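Visitor: One structure is given below, represented as structure tokens, and several questions about it will come after.
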Number of protein chains: 4
Amino acid sequence: MSSKDCLVKCFMREMANYVLYASKIISDEEVEHAISMLIETNREGKKIMVVGAGRSGLAGRAFAMRLMHLGFNVYVFGETITPALGQGDLIISISGSGTTRLVVTSATAAKEMGARILAITSHRDSPLARLSDHMVIIPGRTKLAAEDDYVIRQILGAHEPLAPLGTLFEITLNIFLDSLVAELMQRLGETEKDLRKRHATIE
Amino acid sequence: MSSKDCLVKCFMREMANYVLYASKIISDEEVEHAISMLIETNREGKKIMVVGAGRSGLAGRAFAMRLMHLGFNVYVFGETITPALGQGDLIISISGSGTTRLVVTSATAAKEMGARILAITSHRDSPLARLSDHMVIIPGRTKLAAEDDYVIRQILGAHEPLAPLGTLFEITLNIFLDSLVAELMQRLGETEKDLRKRHATIE
Amino acid sequence: MSSKDCLVKCFMREMANYVLYASKIISDEEVEHAISMLIETNREGKKIMVVGAGRSGLAGRAFAMRLMHLGFNVYVFGETITPALGQGDLIISISGSGTTRLVVTSATAAKEMGARILAITSHRDSPLARLSDHMVIIPGRTKLAAEDDYVIRQILGAHEPLAPLGTLFEITLNIFLDSLVAELMQRLGETEKDLRKRHATIE
Amino acid sequence: MSSKDCLVKCFMREMANYVLYASKIISDEEVEHAISMLIETNREGKKIMVVGAGRSGLAGRAFAMRLMHLGFNVYVFGETITPALGQGDLIISISGSGTTRLVVTSATAAKEMGARILAITSHRDSPLARLSDHMVIIPGRTKLAAEDDYVIRQILGAHEPLAPLGTLFEITLNIFLDSLVAELMQRLGETEKDLRKRHATIE
């Protein structure tokens with residue numbers, strides 16, 4: 001298949017197929033425990049802080065926006081309104097490689113203050129993973145990793161380098177986080193109407 | 001299928017399936033013309049500005065980041081470093097509903113200054129679409145639209161309200177924009193190594 | 001006095017002198033009423049949203065940060081976590097010229113939703129001023145205004161064009177807002193120690 | 001003097017007086033060398049990156065905006081469009097205490113890549129200062145420092161705690177950076193009209 005015959009839309013299909021593949025790799029137990037941490041933090045009125053650099057940070061912000069729509073007490077690292085963290089608070093630290101300086105540094109600081117760390121990463125042995133109280137492994141060919149390249153080449157064929165840098169991690173991450181939102185809506189009995197009420201109205 | 005049996009991962013599959021559906025709906029001609037606008041703007045050394053509100057804005061930023069990695073002269077509306085636009089510059093205006101105030105207002109201003117407008121929206125008859133020089137229609141159940149709900153219910157089943165507000169537009173948008181990047185890499189002969197060289201190195 | 005003999009530090013003195021002049025121009029009644037609005041909004045547990053474009057927006061964010069340190073329920077327009085506004089909420093709209101599109105548009109939207117508008121501007125007859133429930137006039141040679149130039153030339157001498165665009169408004173604004181914080185600390189009985197406890201701890 | 005008689009406007013005067021005091025403390029030689037670094041980096045077409053956390057970061061952004069208006073090739077750490085740094089580039093690292101994690105970490109990374117570091121801090125012996133190629137000392141009672149408190153109490157009287165946390169550093173920083181802009185305009189022969197042409201036009 002040449003991209004000339006297919007254009008942008010073929011890449012869309014290949015990326016969607018990668019997400020279908022990734023959905024089989026992700027651990028139910030890891031996800032279930034992450035959901036418990038989120039719901040419990042919310043129930044106890046504690047704060048959640050989302051941290052990520054670059055495009056992972058943007059995915060994190062999109063997730064934080066929905067957590068706010070769900071009524072969570074949530075903040076984004078690096079924005080103006082970011083309160084002190086403490087005992088019982090939760091930091092969601094996102095880094096495909098698990099080595100991003102900003103993410104590891106902030107997780108270290110959060111831990112010192114008594115917050116728990118939920119890591120979302122591709123690398124079980126990374127510095128971020130080692131710091132975390134719990135992690136969810138999301139596959140993706142991250143900046144560091146080459147080990148997943150074989151699988152990716154199977155799925156994406158010759159086009160592998162065209163999902164450059166952390167693209168596959170970020171795409172999977174985006175859809176994973178939106179699926180978490182869907183699950184949280186169901187567990188918390190929140191409807192779209194409830195979310196809409198908390199949606200910014202003056203943009 | 002109940003979400004109890006399936007958890008988050010089922011939602012991931014449903015969302016990936018929606019992207020597969022969307023990839024068939026998107027017009028090759030619209031995409032091809034958008035690519036020409038991007039490449040031409042770059043070749044002439046003109047500026048590109050990406051504008052979007054909320055989660056669409058985050059997808060726009062992720063795209064802008066990759067355009068920068070590809071060597072484009074690109075900016076994000078609302079950030080610190082955003083130059084004046086003029087003749088020959090291009091504004092990429094993203095709004096599912098095509099009515100988002102921030103996006104319509106900035107497109108109006110950009111047009112007055114001689115910039116061209118590339119709209120990415122679900123609504124061919126929206127205020128944004130009418131302002132645009134060219135548009136790419138991305139399906140998605142946007143804040144406004146209910147017309148697509150029938151199709152969505154076919155694909156997502158009972159879970160439709162669990163992709164709340166603009167979620168489906170945003171997911172499709174993210175993957176569409178990453179596919180544009182893949183296509184641009186191929187057309188411009190850029191490799192992952194080229195992109196890595198322009199990637200922020202101190203985060 | 002030539003800048004060759006004096007360098008940067010002369011400009012600092014001239015700018016500080018402009019603030020001393022501005023402090024005499026600002027109306028006690030306008031300030032007092034603004035403080036009442038802030039304290040009342042806080043007492044009733046209502047939300048405050050700060051809006052400004054460009055450098056005025058940055059001054060607004062610095063103010064929002066301190067309001068958070070003071071325990072206010074405060075948000076910044078354009079950031080990830082920005083909730084819906086409604087009855088009883090307060091929007092602080094900052095624009096020297098009183099015409100900045102983003103600020104006027106968001107104030108219009110906020111008003112429709114029942115929020116009150118506190119305008120901070122140099123122009124009593126501007127679109128923003130007309131929308132507002134209350135305004136505080138801060139002097140400054142804004143993008144629009146030339147009328148203040150005579151006074152400014154008296155104070156800044158030949159150097160007037162070296163405080164380009166909205167610089168004098170922005171400098172005065174920054175110090176005015178920090179002075180509001182000092183006043184609010186006193187009225188609310190908040191100490192530095194109280195503020196420090198709410199200060200972000202992981203940056 | 002009680003704040004009851006004076007309100008917000010007295011605080012404005014005290015803060016302006018602090019800037020007048022600070023303008024005498026700042027070293028002409030340090031400033032002159034900083035200006036040379038800025039002008040040289042610009043002349044050679046190299047990049048400038050501004051980094052700061054919290055309110056110092058906001059002051060840094062306001063400065064970056066003006067550098068852009070002056071035609072510099074400037075970026076802000078943490079925003080979407082932030083390129084790789086390398087040999088000959090300049091990072092302006094702002095931290096009153098000289099210990100802010102984000103600032104020290106990014107300066108370390110920038111140094112590894114061959115960029116030079118211009119530190120703006122209150123503390124000559126801080127980790128940031130030790131990393132820097134050149135520093136400008138700006139007085140201010142920073143989060144760490146208590147040593148300046150005697151001087152501050154002389155100037156601000158009983159009101160000292162009402163300029164909480166880094167407020168005095170930030171106020172001085174803002175006016176110092178705007179004065180640098182004035183100086184750069186003069187040295188580069190840039191007029192307000194030149195700046196206006198590069199000012200964002202669609203906000």
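Scheme for the structure tokens: letters A, B, ... for chains in order shown; per-chain residue numbers from 1; ligand numbers from 1 in order shown.
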Taking only C-alpha atoms into account, report as a PyMOL selection string which residues of chain D lie within 8 Å of chain C.

Guide: chain D and resi 3+7-13+15-17+19-20+23-24+26+28+31+53-55+58-59+61-62+65+100-102+161-165+167+171+174-176+178-183+185-186+191-192+195-196+203

Visitor: Once chain B is superposed on chain C with a least-squares fit on all C-alpha pairs taken in order, can you show it as an mmCIF file with C-alpha atoms, in the first residue's frame?

Guide:
data_model
loop_
_atom_site.group_PDB
_atom_site.id
_atom_site.type_symbol
_atom_site.label_atom_id
_atom_site.label_comp_id
_atom_site.auth_asym_id
_atom_site.auth_seq_id
_atom_site.Cartn_x
_atom_site.Cartn_y
_atom_site.Cartn_z
ATOM 1 C CA MET B 1 19.833 63.319 31.467
ATOM 2 C CA SER B 2 21.030 61.006 28.761
ATOM 3 C CA SER B 3 20.492 57.300 28.988
ATOM 4 C CA LYS B 4 24.209 56.794 28.389
ATOM 5 C CA ASP B 5 24.957 58.201 31.822
ATOM 6 C CA CYS B 6 22.241 56.275 33.501
ATOM 7 C CA LEU B 7 21.403 53.046 31.755
ATOM 8 C CA VAL B 8 18.582 50.779 32.770
ATOM 9 C CA LYS B 9 18.445 52.099 36.327
ATOM 10 C CA CYS B 10 17.209 55.531 35.237
ATOM 11 C CA PHE B 11 14.317 53.921 33.439
ATOM 12 C CA MET B 12 13.520 52.008 36.607
ATOM 13 C CA ARG B 13 13.344 55.266 38.536
ATOM 14 C CA GLU B 14 11.163 56.896 35.910
ATOM 15 C CA MET B 15 8.766 53.975 35.932
ATOM 16 C CA ALA B 16 8.620 53.956 39.741
ATOM 17 C CA ASN B 17 7.888 57.684 39.589
ATOM 18 C CA TYR B 18 5.064 57.031 37.183
ATOM 19 C CA VAL B 19 3.553 54.612 39.706
ATOM 20 C CA LEU B 20 3.843 57.306 42.425
ATOM 21 C CA TYR B 21 1.977 59.676 40.092
ATOM 22 C CA ALA B 22 -0.634 57.031 39.261
ATOM 23 C CA SER B 23 -1.237 56.295 42.943
ATOM 24 C CA LYS B 24 -2.573 59.859 43.275
ATOM 25 C CA ILE B 25 -4.895 59.559 40.301
ATOM 26 C CA ILE B 26 -6.638 56.336 41.316
ATOM 27 C CA SER B 27 -9.984 56.867 43.046
ATOM 28 C CA ASP B 28 -10.337 55.711 46.658
ATOM 29 C CA GLU B 29 -14.049 55.143 46.152
ATOM 30 C CA GLU B 30 -13.508 52.969 43.091
ATOM 31 C CA VAL B 31 -10.911 50.895 44.927
ATOM 32 C CA GLU B 32 -13.023 50.555 48.078
ATOM 33 C CA HIS B 33 -15.995 49.283 46.100
ATOM 34 C CA ALA B 34 -13.788 46.802 44.198
ATOM 35 C CA ILE B 35 -12.498 45.426 47.504
ATOM 36 C CA SER B 36 -16.065 44.996 48.756
ATOM 37 C CA MET B 37 -16.980 43.063 45.611
ATOM 38 C CA LEU B 38 -13.983 40.758 46.070
ATOM 39 C CA ILE B 39 -14.588 40.123 49.763
ATOM 40 C CA GLU B 40 -18.296 39.572 49.301
ATOM 41 C CA THR B 41 -17.771 37.132 46.410
ATOM 42 C CA ASN B 42 -15.352 35.196 48.581
ATOM 43 C CA ARG B 43 -17.618 35.228 51.647
ATOM 44 C CA GLU B 44 -20.481 33.773 49.637
ATOM 45 C CA GLY B 45 -18.246 31.027 48.258
ATOM 46 C CA LYS B 46 -18.708 32.272 44.714
ATOM 47 C CA LYS B 47 -16.171 32.023 41.911
ATOM 48 C CA ILE B 48 -13.850 34.699 40.555
ATOM 49 C CA MET B 49 -12.515 34.563 36.990
ATOM 50 C CA VAL B 50 -9.660 36.811 35.837
ATOM 51 C CA VAL B 51 -9.452 37.736 32.146
ATOM 52 C CA GLY B 52 -6.887 39.750 30.223
ATOM 53 C CA ALA B 53 -4.945 39.508 26.961
ATOM 54 C CA GLY B 54 -1.197 39.761 26.506
ATOM 55 C CA ARG B 55 0.783 41.430 29.271
ATOM 56 C CA SER B 56 -2.379 42.566 31.071
ATOM 57 C CA GLY B 57 -3.387 38.926 31.171
ATOM 58 C CA LEU B 58 -0.046 38.039 32.772
ATOM 59 C CA ALA B 59 -0.607 40.687 35.470
ATOM 60 C CA GLY B 60 -4.076 39.215 35.960
ATOM 61 C CA ARG B 61 -2.601 35.755 36.442
ATOM 62 C CA ALA B 62 -0.118 37.014 39.019
ATOM 63 C CA PHE B 63 -3.094 38.510 40.885
ATOM 64 C CA ALA B 64 -5.111 35.305 40.571
ATOM 65 C CA MET B 65 -2.215 33.377 42.061
ATOM 66 C CA ARG B 66 -2.243 35.585 45.161
ATOM 67 C CA LEU B 67 -6.057 35.407 45.435
ATOM 68 C CA MET B 68 -5.624 31.631 45.514
ATOM 69 C CA HIS B 69 -2.971 32.013 48.231
ATOM 70 C CA LEU B 70 -5.567 34.077 50.132
ATOM 71 C CA GLY B 71 -8.045 31.216 49.871
ATOM 72 C CA PHE B 72 -10.278 32.636 47.112
ATOM 73 C CA ASN B 73 -12.048 30.368 44.644
ATOM 74 C CA VAL B 74 -10.325 31.863 41.602
ATOM 75 C CA TYR B 75 -9.736 30.881 37.980
ATOM 76 C CA VAL B 76 -7.911 32.263 34.963
ATOM 77 C CA PHE B 77 -9.638 32.553 31.610
ATOM 78 C CA GLY B 78 -8.008 30.363 28.980
ATOM 79 C CA GLU B 79 -6.416 27.850 31.339
ATOM 80 C CA THR B 80 -7.420 24.215 31.547
ATOM 81 C CA ILE B 81 -9.485 24.350 34.715
ATOM 82 C CA THR B 82 -12.101 27.063 34.106
ATOM 83 C CA PRO B 83 -15.585 26.296 35.357
ATOM 84 C CA ALA B 84 -18.912 27.631 34.187
ATOM 85 C CA LEU B 85 -19.793 31.034 35.634
ATOM 86 C CA GLY B 86 -23.219 31.916 36.994
ATOM 87 C CA GLN B 87 -25.268 34.117 39.280
ATOM 88 C CA GLY B 88 -23.156 35.759 41.956
ATOM 89 C CA ASP B 89 -19.805 34.969 40.359
ATOM 90 C CA LEU B 90 -17.400 37.775 39.515
ATOM 91 C CA ILE B 91 -15.311 38.312 36.397
ATOM 92 C CA ILE B 92 -12.336 40.679 36.663
ATOM 93 C CA SER B 93 -11.821 42.008 33.141
ATOM 94 C CA ILE B 94 -8.552 43.804 32.474
ATOM 95 C CA SER B 95 -7.921 45.932 29.397
ATOM 96 C CA GLY B 96 -6.108 49.268 29.299
ATOM 97 C CA SER B 97 -7.902 50.378 26.156
ATOM 98 C CA GLY B 98 -11.172 48.741 27.213
ATOM 99 C CA THR B 99 -11.533 47.416 23.680
ATOM 100 C CA THR B 100 -9.530 44.154 23.652
ATOM 101 C CA ARG B 101 -11.709 41.703 21.768
ATOM 102 C CA LEU B 102 -11.051 38.698 24.030
ATOM 103 C CA VAL B 103 -11.890 40.694 27.134
ATOM 104 C CA VAL B 104 -15.028 42.375 25.815
ATOM 105 C CA THR B 105 -16.337 39.117 24.335
ATOM 106 C CA SER B 106 -15.811 37.145 27.540
ATOM 107 C CA ALA B 107 -17.348 39.903 29.663
ATOM 108 C CA THR B 108 -20.417 39.907 27.422
ATOM 109 C CA ALA B 109 -20.756 36.138 27.813
ATOM 110 C CA ALA B 110 -20.220 36.286 31.576
ATOM 111 C CA LYS B 111 -22.886 38.962 31.909
ATOM 112 C CA GLU B 112 -25.401 36.831 30.015
ATOM 113 C CA MET B 113 -24.813 34.115 32.593
ATOM 114 C CA GLY B 114 -25.518 36.384 35.509
ATOM 115 C CA ALA B 115 -21.951 37.101 36.632
ATOM 116 C CA ARG B 116 -20.931 40.616 37.673
ATOM 117 C CA ILE B 117 -18.111 42.423 35.889
ATOM 118 C CA LEU B 118 -15.320 44.338 37.602
ATOM 119 C CA ALA B 119 -13.444 46.211 34.878
ATOM 120 C CA ILE B 120 -9.867 47.469 35.272
ATOM 121 C CA THR B 121 -9.159 49.887 32.453
ATOM 122 C CA SER B 122 -7.805 53.338 31.550
ATOM 123 C CA HIS B 123 -10.917 54.318 29.618
ATOM 124 C CA ARG B 124 -14.148 55.268 31.299
ATOM 125 C CA ASP B 125 -16.052 55.320 27.990
ATOM 126 C CA SER B 126 -14.764 52.083 26.500
ATOM 127 C CA PRO B 127 -16.936 49.097 25.500
ATOM 128 C CA LEU B 128 -15.583 47.187 28.508
ATOM 129 C CA ALA B 129 -16.419 50.057 30.873
ATOM 130 C CA ARG B 130 -19.974 50.205 29.540
ATOM 131 C CA LEU B 131 -20.458 46.470 30.153
ATOM 132 C CA SER B 132 -19.090 46.591 33.686
ATOM 133 C CA ASP B 133 -20.940 46.646 37.006
ATOM 134 C CA HIS B 134 -18.035 48.536 38.492
ATOM 135 C CA MET B 135 -14.708 49.829 37.211
ATOM 136 C CA VAL B 136 -11.378 50.961 38.593
ATOM 137 C CA ILE B 137 -9.579 53.447 36.367
ATOM 138 C CA ILE B 138 -5.815 52.849 36.203
ATOM 139 C CA PRO B 139 -3.898 55.517 34.294
ATOM 140 C CA GLY B 140 -1.477 54.523 31.576
ATOM 141 C CA ARG B 141 -0.750 55.336 28.016
ATOM 142 C CA THR B 142 -2.621 52.477 26.414
ATOM 143 C CA LYS B 143 -2.575 51.278 22.857
ATOM 144 C CA LEU B 144 -5.482 53.554 22.036
ATOM 145 C CA ALA B 145 -4.931 56.577 24.183
ATOM 146 C CA ALA B 146 -2.825 59.547 23.338
ATOM 147 C CA GLU B 147 -4.620 61.915 25.684
ATOM 148 C CA ASP B 148 -2.401 61.027 28.613
ATOM 149 C CA ASP B 149 0.750 61.661 26.695
ATOM 150 C CA TYR B 150 1.195 65.180 27.950
ATOM 151 C CA VAL B 151 1.281 64.080 31.576
ATOM 152 C CA ILE B 152 3.534 61.177 30.771
ATOM 153 C CA ARG B 153 6.002 63.388 28.944
ATOM 154 C CA GLN B 154 6.174 65.569 32.026
ATOM 155 C CA ILE B 155 7.164 62.631 34.125
ATOM 156 C CA LEU B 156 9.175 60.516 31.747
ATOM 157 C CA GLY B 157 10.712 63.349 29.732
ATOM 158 C CA ALA B 158 12.160 62.428 26.382
ATOM 159 C CA HIS B 159 11.991 58.761 27.276
ATOM 160 C CA GLU B 160 8.274 58.436 26.823
ATOM 161 C CA PRO B 161 8.417 56.205 23.732
ATOM 162 C CA LEU B 162 10.724 53.880 25.640
ATOM 163 C CA ALA B 163 7.820 52.654 27.744
ATOM 164 C CA PRO B 164 6.203 51.352 24.566
ATOM 165 C CA LEU B 165 2.628 50.274 23.938
ATOM 166 C CA GLY B 166 0.805 49.455 27.190
ATOM 167 C CA THR B 167 3.922 49.348 29.409
ATOM 168 C CA LEU B 168 2.908 52.120 31.820
ATOM 169 C CA PHE B 169 -0.574 50.680 32.283
ATOM 170 C CA GLU B 170 0.886 47.242 32.885
ATOM 171 C CA ILE B 171 3.473 48.426 35.423
ATOM 172 C CA THR B 172 0.864 50.398 37.345
ATOM 173 C CA LEU B 173 -1.550 47.482 37.109
ATOM 174 C CA ASN B 174 0.976 45.044 38.571
ATOM 175 C CA ILE B 175 1.680 47.247 41.571
ATOM 176 C CA PHE B 176 -1.981 48.175 42.005
ATOM 177 C CA LEU B 177 -2.984 44.507 42.104
ATOM 178 C CA ASP B 178 -0.206 43.637 44.572
ATOM 179 C CA SER B 179 -1.422 46.507 46.742
ATOM 180 C CA LEU B 180 -4.945 45.119 46.595
ATOM 181 C CA VAL B 181 -3.492 41.847 47.878
ATOM 182 C CA ALA B 182 -1.829 43.664 50.775
ATOM 183 C CA GLU B 183 -5.132 45.341 51.615
ATOM 184 C CA LEU B 184 -7.060 42.064 51.366
ATOM 185 C CA MET B 185 -4.538 40.358 53.664
ATOM 186 C CA GLN B 186 -5.171 43.025 56.267
ATOM 187 C CA ARG B 187 -8.951 42.978 55.959
ATOM 188 C CA LEU B 188 -9.165 39.188 56.007
ATOM 189 C CA GLY B 189 -6.582 38.822 58.772
ATOM 190 C CA GLU B 190 -4.391 36.616 56.591
ATOM 191 C CA THR B 191 -0.666 36.411 57.339
ATOM 192 C CA GLU B 192 2.234 35.507 55.100
ATOM 193 C CA LYS B 193 2.329 32.143 56.839
ATOM 194 C CA ASP B 194 -1.279 31.501 55.770
ATOM 195 C CA LEU B 195 -0.407 32.312 52.179
ATOM 196 C CA ARG B 196 2.666 30.116 52.179
ATOM 197 C CA LYS B 197 0.561 27.126 53.159
ATOM 198 C CA ARG B 198 -1.484 27.504 49.977
ATOM 199 C CA HIS B 199 1.561 28.143 47.747
ATOM 200 C CA ALA B 200 2.393 25.552 45.087
ATOM 201 C CA THR B 201 5.021 23.323 46.552
ATOM 202 C CA ILE B 202 6.235 21.206 43.688
ATOM 203 C CA GLU B 203 7.424 23.766 41.157
#

Visitor: As a PyMOL selection string, please: all residues of stretch 44-146 of chain C that backbone DSSP puts in strand (DSSP E).

Guide: chain C and resi 48-52+74-76+90-94+116-121+134-137

Visitor: Per DSSP on the backbone, what are the helix (DSSP H, G or I) residues of stretch 5-179 of chain A, as a PyMOL selection string?

Guide: chain A and resi 5-25+28-43+54-69+101-112+127-131+149-162+167-179
